[in-house]
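Report on the structure given below.
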Amino acid sequence: IYPLPVAPRAVVLLREVPDRRRGRADAGGALARLAAAAGIAPGWWDIAGRHYATGDDTRRALLRAMHLPADTAAEALDGLARLSEEAAAPVPPALVMRAGEGGVLRLGPALAEGALRLALVHEHGGRTLFDVAAGAGVVEPVATPDGRTLPMRRIAVPPLPAGRYRLGVDDAEPACLVTVAPPCCHLPTGLRAGGRAWSIAAQLYSLRRAQGDQGIGDLTALAELVRAAGVAGAGALGLNPLHALFPCDRDRASPYQPSDRRFLDALHIDVAASPLPLDAPGVRAALARAAPRFDALATRGLVDYPAVWQAKCGVLEAAFAAFRPDPDFERFVAEGGEALLGFARFEAIAATQPTADWREWPAALRDASNPAVAAAAPPERVRFALFLQWVADRQLAAAAAAAGGMAIGLYRDLAVGAAPDGAESWAAGRALMHGVSVGAPPDPLGPDGQVWNLPPPAPRAMRAAGYAPFAALLRANMRHAGALRIDHVMGLARLFVVPEGGRGQDGTYLAYPLDDLLGQVALESVRARCLVVGEDLGTVPDGIRAALAGRDVLSYQVLRFAHDGDDLRPPARYPVNAVACAATHDIATVAGWWQGADIEERAALGLLGGELLEAERRGRADEKDRLLALLRAEGLPEDDLLLAVHALLARTPCRLVLVQADDLAGEVVGVNLPGTDRERPNWRRRLGRDVATLCSTPPAAAVLAMLREHLLR
């Protein structure tokens with residue numbers, strides 16, 4: 001805005017005219033051009049084949065969230081100019097290559113001519129210089145988003161070993177952050193050689209211990225189940241996301257809308273296990289006081305998150321008071337770096353504020369990089385948060401050690417996003433898109449689409465950071481794991497983004513750099529020796545499954561959704577590079593599905609009625625008939641459904657077969673009912689059996705014996 005002196009009683013007429021300096025005859029279509037340049041789809045098709053055009057309001061909302069406001073034609077033109085300036089930078093912010101293959105670095109107009117000296121610095125030290133002659137490379141005209149044509153220079157980058165590098169011209173800034181990725185993700189030797197494995201998949205909070213239960217499944221219960229599964233022949237033990245939730249609001253229980261995916265939820269700490277100082281008198285006294293409360297909570301069928309946390313906090317506070325300096329703790333804090341310290345500061349500040357929602361904090365505290373944050377975080381509370389992370393990490397490590405004899409080990413889960421008011425969103429700042437949410441387009445389970453209240457990452461910010469935050473997120477979730485499931489893996493290629501206040505169908509797709517992100521996944525997977533599973537259910541864009549398979553990312557095959565036309569897919573037609581299962585946390589257990597318990601539950605909650613309810617019942621009857629037809633075709637018995645459906649999965653060529661702990665326990669009601677929140681107790685239901693007996697009941701033992709017979713460990 002420019003000052004314009006105006007005399008009293010004067011009239012000023014303003015006329016918007018094209019900015020011809022940007023090479024445009026007019027501003028018409030600037031919004032659509034900017035949206036396209038930013039990766040916003042012009043329209044999309046739903047699963048029923050209906051086409052939806054992306055509206056201008058949706059475009060503007062997404063662009064605003066990407067810090068490219070376009071409420072006027074002038075703003076849209078400014079945004080095009082900004083994108084063009086970024087494209088014409090001397091060096092790109094990021095380059096992703098494959099190990100053993102050369103790459104191409106595109107230099108901006110300022111470096112289109114003349115000799116250059118490139119400095120390549122490896123992440124662990126070491127520096128290599130490359131001289132580029134004046135005539136080397138190819139200079140070509142490149143169209144920029146604002147319509148200009150600029151000379152860009154393409155030069156060859158020699159093959160490099162896998163790793164991370166900084167590539168600059170004469171050591172000057174800005175530098176290009178280079179990722180050299182292995183061609184594929186890690187696969188254990190046995191699986192790569194054609195072997196197969198099976199795994200129990202469990203929701204950690206649902207597990208019970210016969211002795212010492214504290215009202216919620218904890219990391220000691222996990223270790224016990226790992227040992228039992230290993231004895232039964234399992235190659236892995238699958239888990240729900242272990243992400244940090246909200247200590248100040250323990251009613252928020254969904255592991256798929258956490259506060260921070262980079263860190264663990266301290267609620268799963270066993271407060272009667274090492275590395276807590278259990279011999280300290282204060283800790284013994286706190287445990288004695290908490291014991292009756294734990295005994296009462298352990299009998300409940302649902303997790304009472306606030307009560308469990310309140311009971312555990314007394315013991316954890318006493319343990320922290322008795323804690324003495326520990327070299328292992330100090331190493332853990334040092335290795336966690338600024339990310340861990342920032343999370344601890346967030347936890348400390350949240351406990352002092354009237355609300356844990358950082359968006360309502362004083363302005364200075366809303367910016368994680370503001371020096372006021374460190375001053376506002378009480379040092380002892382920061383150290384307490386660090387202490388909790390250390391304890392949780394060491395107990396998770398103990399559970400992973402119990403899986404040492406398995407082919408894979410712990411199989412962790414990475415949620416697609418984090419809550420907008422949590423620690424991860426606060427730390428990310430402008431790297432996330434605020435005012436919009438990840439969601440899903442309309443489908444049979446959600447006719448109006450879905451809004452998940454998860455801010456999506458900003459694609460430009462991801463690339464500007466050289467994908468370092470994404471790689472760090474992968475590392476955090478591959479820690480102590482032999483496998484990682486990436487929830488909604490299609491988000492590596494595109495996310496369905498909905499403006500705040502809109503319905504699912506008001507959203508549209510936003511593109512992400514699939515090849516670059518898969519490069520990050522492959523590098524972290526190989527470094528952590530952690531195989532990767534991509535949850536590819538729902539609307540999957542063309543080509544993504546082939547791209548994932550080409551990187552050895554395993555597909556996620558659910559029996560009820562695997563169709564060849566109208567019929568269920570025969571086992572022999574399943575892909576090799578896949579995980580096969582009968583159920584997930586979002587759909588009914590085998591028994592519940594057969595009984596239609598999920599349909600009747602939705603009806604009881606008022607989510608289904610009338611003709612829709614009858615249609616659901618008829619549809620389920622047809623699905624059951626198709627399953628019975630497949631069982632007959634495979635010569636499998638129909639009288640033991642749990643055994644039969646897992647025998648079907650065992651006959652597939654899939655590398656990994658899952659069996660849900662809920663199915664082994666004979667549960668009918670599912671842990672989650674999509675489309676509900678507080679209407680029913682999602683993410684709270686505990687198993688009716690403890691981990692010591694889960695694998696030994698006759699139905700469970702029969703299933704596990706069959707899996708052990710058909711699948712290698």
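Ordering of the structure tokens sets the chain letters (A, B, ...); residue numbers start at 1 within each chain; ligands are numbered from 1 in the order shown.
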Secondary structure check, alpha helix (DSSP H) residues of range 182-425 of chain A, as a ChimeraX atom specification: /A:189-192,219-232,281-298,305-322,327-350,371-376,379-402,423-425
Restricting the output to C-alpha atoms, write the selected residues as a short mmCIF file (atom, residue, chain, number, x, y, z; two decimals), in the first residue's frame.
```cif
data_model
loop_
_atom_site.label_atom_id
_atom_site.label_comp_id
_atom_site.auth_asym_id
_atom_site.auth_seq_id
_atom_site.Cartn_x
_atom_site.Cartn_y
_atom_site.Cartn_z
CA THR A 189 16.52 -60.70 4.15
CA GLY A 190 14.05 -63.52 4.70
CA LEU A 191 11.15 -61.60 3.17
CA ARG A 192 13.22 -60.37 0.24
CA LEU A 219 4.69 -50.69 27.57
CA THR A 220 5.14 -53.60 29.96
CA ALA A 221 1.93 -55.16 28.60
CA LEU A 222 3.38 -54.63 25.14
CA ALA A 223 6.57 -56.48 26.09
CA GLU A 224 4.49 -59.35 27.51
CA LEU A 225 2.44 -59.62 24.33
CA VAL A 226 5.59 -59.45 22.21
CA ARG A 227 7.02 -62.42 24.08
CA ALA A 228 3.78 -64.40 23.80
CA ALA A 229 3.49 -63.65 20.07
CA GLY A 230 7.11 -64.62 19.54
CA VAL A 231 6.56 -67.97 21.24
CA ALA A 232 3.53 -68.50 18.97
CA PRO A 281 10.98 -44.04 49.52
CA GLY A 282 8.85 -41.35 47.90
CA VAL A 283 8.21 -43.53 44.88
CA ARG A 284 7.30 -46.56 46.99
CA ALA A 285 4.86 -44.41 48.97
CA ALA A 286 3.32 -42.96 45.80
CA LEU A 287 2.87 -46.45 44.33
CA ALA A 288 1.19 -47.62 47.53
CA ARG A 289 -1.22 -44.67 47.42
CA ALA A 290 -2.02 -45.28 43.74
CA ALA A 291 -2.47 -49.06 44.03
CA PRO A 292 -6.18 -49.05 45.04
CA ARG A 293 -6.96 -46.60 42.27
CA PHE A 294 -5.14 -48.74 39.71
CA ASP A 295 -6.95 -51.86 40.92
CA ALA A 296 -10.31 -50.14 40.39
CA LEU A 297 -9.38 -48.79 36.96
CA ALA A 298 -8.08 -52.19 35.85
CA TYR A 305 -8.01 -41.52 30.38
CA PRO A 306 -8.25 -38.59 32.85
CA ALA A 307 -8.41 -40.90 35.87
CA VAL A 308 -5.52 -43.07 34.67
CA TRP A 309 -3.37 -40.02 34.02
CA GLN A 310 -4.19 -38.50 37.38
CA ALA A 311 -3.23 -41.74 39.15
CA LYS A 312 -0.02 -42.12 37.17
CA CYS A 313 1.02 -38.49 37.58
CA GLY A 314 1.38 -38.84 41.33
CA VAL A 315 3.89 -41.66 40.88
CA LEU A 316 5.71 -39.97 38.02
CA GLU A 317 6.07 -36.73 39.97
CA ALA A 318 7.50 -38.67 42.92
CA ALA A 319 9.89 -40.51 40.60
CA PHE A 320 11.06 -37.25 39.08
CA ALA A 321 11.64 -35.76 42.52
CA ALA A 322 13.82 -38.75 43.39
CA PRO A 327 24.40 -40.05 31.82
CA ASP A 328 21.92 -42.01 29.70
CA PHE A 329 19.25 -39.37 30.30
CA GLU A 330 21.64 -36.57 29.38
CA ARG A 331 22.63 -38.39 26.17
CA PHE A 332 18.97 -38.86 25.29
CA VAL A 333 18.27 -35.14 25.75
CA ALA A 334 21.35 -34.16 23.72
CA GLU A 335 20.40 -36.52 20.88
CA GLY A 336 16.84 -35.18 20.88
CA GLY A 337 18.18 -31.69 20.19
CA GLU A 338 16.03 -28.64 19.66
CA ALA A 339 12.98 -30.66 18.59
CA LEU A 340 12.80 -32.52 21.91
CA LEU A 341 13.57 -29.39 23.91
CA GLY A 342 10.89 -27.46 22.03
CA PHE A 343 8.33 -30.18 22.73
CA ALA A 344 9.22 -30.14 26.44
CA ARG A 345 8.84 -26.36 26.52
CA PHE A 346 5.43 -26.66 24.88
CA GLU A 347 4.32 -29.18 27.51
CA ALA A 348 5.63 -26.97 30.31
CA ILE A 349 3.94 -23.83 28.99
CA ALA A 350 0.65 -25.61 28.23
CA PRO A 371 13.01 -16.14 22.74
CA ALA A 372 10.06 -15.45 25.04
CA VAL A 373 9.17 -19.15 24.86
CA ALA A 374 12.29 -20.27 26.72
CA ALA A 375 11.75 -17.60 29.36
CA ALA A 376 8.11 -18.59 29.87
CA PRO A 379 12.78 -25.09 33.85
CA GLU A 380 11.72 -27.86 36.23
CA ARG A 381 8.58 -28.57 34.21
CA VAL A 382 10.66 -28.66 31.04
CA ARG A 383 12.97 -31.18 32.65
CA PHE A 384 9.97 -33.21 33.84
CA ALA A 385 8.67 -33.43 30.26
CA LEU A 386 12.12 -34.54 29.09
CA PHE A 387 12.20 -37.11 31.88
CA LEU A 388 8.85 -38.57 30.78
CA GLN A 389 10.05 -38.90 27.20
CA TRP A 390 13.22 -40.65 28.35
CA VAL A 391 11.29 -43.14 30.50
CA ALA A 392 8.80 -43.87 27.71
CA ASP A 393 11.58 -44.32 25.16
CA ARG A 394 13.53 -46.70 27.37
CA GLN A 395 10.44 -48.80 28.12
CA LEU A 396 9.59 -48.93 24.41
CA ALA A 397 13.19 -50.02 23.75
CA ALA A 398 12.73 -52.86 26.26
CA ALA A 399 9.61 -54.02 24.41
CA ALA A 400 11.53 -53.88 21.12
CA ALA A 401 14.31 -55.95 22.69
CA ALA A 402 11.73 -58.58 23.62
CA ALA A 423 2.79 -29.25 19.96
CA GLU A 424 3.72 -30.40 16.45
CA SER A 425 1.60 -27.71 14.80
#
```
Proximity to Ile486 in chain A - best of A:Arg678, A:Glu360, A:Asp662, A:Asn240, only C-alpha atoms: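 That would be A:Asn240, the residue with the smallest distance to Ile486 in chain A.
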Polymer residues at most 12 Å from Phe561 in chain A, only C-alpha atoms, same-chain spacing of 3 or more positions, as an MDAnalysis selection string: chainID A and resid 536:538 556:558 564:569 574 580:584 587 623 626:627
Atomic separation - CA of Asp515 in chain A relative to CA of Leu116 in chain A, Å: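 One can read the CA of Leu116 in chain A to CA of Asp515 in chain A distance as 28.3 Å.
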For range 634-650 of chain A: contacts at 9 Å, only C-alpha atoms, fewer than 3 positions along chain excluded, given as a PyMOL selection string: chain A and resi 198+559+570-571+580-582+590-591+594+627-631+653-654+656-659+663-664+699-700+702-704+706-707+710-711
Option closest in space to Pro188 in chain A, from A:Trp593, A:Gln505, A:Met406, A:Asp516 [counting only C-alpha atoms]: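 Ranked by minimum distance to Pro188 in chain A, first place goes to A:Met406.
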Nearby residues (only C-alpha atoms) at most 6 Å from range 466-475 of chain A, same-chain spacing under 5 positions excluded, as a list in words: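 The neighbour list is Ala94, Leu177, Arg262 and Gln520 of chain A.
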Those same residues - all heavy atoms - I'd like them written as a compact mmCIF listing (two decimals), in the first residue's frame.
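Okay, this is what ended up in selection39.txt:
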```txt
# COMPACT_ATOMS: atom_id res chain seq x y z
N ALA A 94 16.11 -27.97 -2.96
CA ALA A 94 16.25 -29.40 -2.71
C ALA A 94 16.44 -30.15 -4.02
O ALA A 94 15.95 -29.74 -5.08
CB ALA A 94 15.01 -29.94 -1.98
N LEU A 177 19.89 -28.59 -0.71
CA LEU A 177 19.95 -29.77 0.17
C LEU A 177 19.68 -31.00 -0.68
O LEU A 177 18.59 -31.16 -1.25
CB LEU A 177 18.94 -29.63 1.29
CG LEU A 177 19.13 -28.39 2.19
CD1 LEU A 177 18.04 -28.33 3.24
CD2 LEU A 177 20.50 -28.42 2.85
N ARG A 262 6.01 -36.79 16.74
CA ARG A 262 7.44 -37.02 16.88
C ARG A 262 7.80 -37.66 18.22
O ARG A 262 8.92 -38.17 18.38
CB ARG A 262 8.20 -35.69 16.74
CG ARG A 262 7.96 -34.97 15.41
CD ARG A 262 8.50 -33.56 15.46
NE ARG A 262 7.85 -32.76 16.50
CZ ARG A 262 8.26 -31.57 16.90
NH1 ARG A 262 9.33 -31.04 16.34
NH2 ARG A 262 7.61 -30.92 17.84
N GLN A 520 12.91 -39.82 0.60
CA GLN A 520 13.13 -39.68 2.04
C GLN A 520 12.74 -40.97 2.76
O GLN A 520 13.45 -41.43 3.68
CB GLN A 520 12.32 -38.51 2.61
CG GLN A 520 12.45 -37.20 1.86
CD GLN A 520 13.89 -36.74 1.70
OE1 GLN A 520 14.67 -36.80 2.65
NE2 GLN A 520 14.22 -36.28 0.51
```
Picked from range 446-693 of chain A by DSSP as strand (DSSP E), as an MDAnalysis selection string: chainID A and resid 450:451 483:486 494:499 508:511 531:534 555:558 563:564 567:568 578:581 656:660
May I have the residues from that selection written out with C-alpha atoms, as a PDB file, in the first residue's frame?
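What landed in result32.pdb:
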```
ATOM      1  CA  GLN A 450     -14.834 -36.133   5.717  1.00  0.00           C
ATOM      2  CA  VAL A 451     -12.936 -33.382   7.519  1.00  0.00           C
ATOM      3  CA  ALA A 483       8.241 -51.914  10.311  1.00  0.00           C
ATOM      4  CA  LEU A 484       6.316 -48.676   9.908  1.00  0.00           C
ATOM      5  CA  ARG A 485       2.825 -48.263   8.519  1.00  0.00           C
ATOM      6  CA  ILE A 486       2.258 -44.857   6.888  1.00  0.00           C
ATOM      7  CA  ARG A 494      -1.785 -35.668  -2.935  1.00  0.00           C
ATOM      8  CA  LEU A 495      -4.022 -34.719  -0.027  1.00  0.00           C
ATOM      9  CA  PHE A 496      -7.678 -33.817  -0.107  1.00  0.00           C
ATOM     10  CA  VAL A 497      -7.815 -30.401   1.599  1.00  0.00           C
ATOM     11  CA  VAL A 498     -10.990 -28.751   2.876  1.00  0.00           C
ATOM     12  CA  PRO A 499     -11.381 -25.054   3.824  1.00  0.00           C
ATOM     13  CA  THR A 508     -10.044 -30.405  -3.524  1.00  0.00           C
ATOM     14  CA  TYR A 509      -6.730 -32.181  -4.061  1.00  0.00           C
ATOM     15  CA  LEU A 510      -3.340 -30.610  -3.415  1.00  0.00           C
ATOM     16  CA  ALA A 511      -0.280 -32.157  -5.069  1.00  0.00           C
ATOM     17  CA  LEU A 531      10.272 -52.047   6.259  1.00  0.00           C
ATOM     18  CA  VAL A 532       7.486 -49.703   5.171  1.00  0.00           C
ATOM     19  CA  VAL A 533       3.777 -50.371   4.668  1.00  0.00           C
ATOM     20  CA  GLY A 534       1.610 -47.833   2.850  1.00  0.00           C
ATOM     21  CA  SER A 555       0.445 -52.313  -0.034  1.00  0.00           C
ATOM     22  CA  TYR A 556      -2.330 -52.723   2.568  1.00  0.00           C
ATOM     23  CA  GLN A 557      -4.828 -55.356   1.482  1.00  0.00           C
ATOM     24  CA  VAL A 558      -8.024 -55.778   3.526  1.00  0.00           C
ATOM     25  CA  HIS A 563     -12.587 -57.308  -5.095  1.00  0.00           C
ATOM     26  CA  ASP A 564     -12.322 -58.615  -8.636  1.00  0.00           C
ATOM     27  CA  ASP A 567     -16.612 -60.948  -6.268  1.00  0.00           C
ATOM     28  CA  LEU A 568     -14.034 -61.117  -3.508  1.00  0.00           C
ATOM     29  CA  ALA A 578       1.621 -56.407   0.485  1.00  0.00           C
ATOM     30  CA  VAL A 579       0.221 -56.875   3.967  1.00  0.00           C
ATOM     31  CA  ALA A 580      -3.040 -58.847   4.129  1.00  0.00           C
ATOM     32  CA  CYS A 581      -5.583 -58.590   6.943  1.00  0.00           C
ATOM     33  CA  LEU A 656       2.962 -60.288   5.798  1.00  0.00           C
ATOM     34  CA  VAL A 657      -0.401 -61.404   7.223  1.00  0.00           C
ATOM     35  CA  LEU A 658      -2.017 -59.637  10.177  1.00  0.00           C
ATOM     36  CA  VAL A 659      -4.467 -60.946  12.732  1.00  0.00           C
ATOM     37  CA  GLN A 660      -6.157 -58.419  15.001  1.00  0.00           C
TER      38      GLN A 660
END
```
Distance query Arg685 in chain A at most 9 Å, only C-alpha atoms, self and fewer than 5 positions along chain excluded, as a ChimeraX atom specification: /A:205-206,301-303,669-672
Among listed residues A:Gly195, A:Val668, A:Tyr256, A:Pro158, nearest Glu101 in chain A (using only C-alpha atoms):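 Of A:Gly195, A:Val668, A:Tyr256, A:Pro158, the one nearest Glu101 in chain A, counting only C-alpha atoms, is A:Pro158.
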Nearby residues (only C-alpha atoms) at most 12 Å from Ser84 in chain A, same-chain spacing under 3 positions excluded, as a PyMOL selection string: chain A and resi 22+34+37-38+77-81+87-89+108-109+142-150
Option closest in space to Pro541 in chain A, from A:Ala621, A:Val521, A:Ala481, A:Met490 [counting only C-alpha atoms]: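 Answer, going by the shortest atom-to-atom distance: A:Met490.
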Top pick for closest residue to Ala253 in chain A, considering A:Ile216, A:Ala464, A:Ala119, A:Met97 and counting only C-alpha atoms: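 Closest residue, counting only C-alpha atoms: A:Ile216.
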Point-to-point distance in Å for CA of Glu535 in chain A and CA of Thr676 in chain A: 21.3 Å
Computed interatomic separation between CA of Ala115 in chain A and CA of Gly135 in chain A (Å):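 Pair CA of Ala115 in chain A / CA of Gly135 in chain A returns 7.5 Å.
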Among the residues A:Thr128, A:Ser369, A:Gln353, A:Asn477, the one that comes closest to Cys248 in chain A [using only C-alpha atoms]: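 Of the candidates, the smallest distance to Cys248 in chain A is held by A:Gln353.
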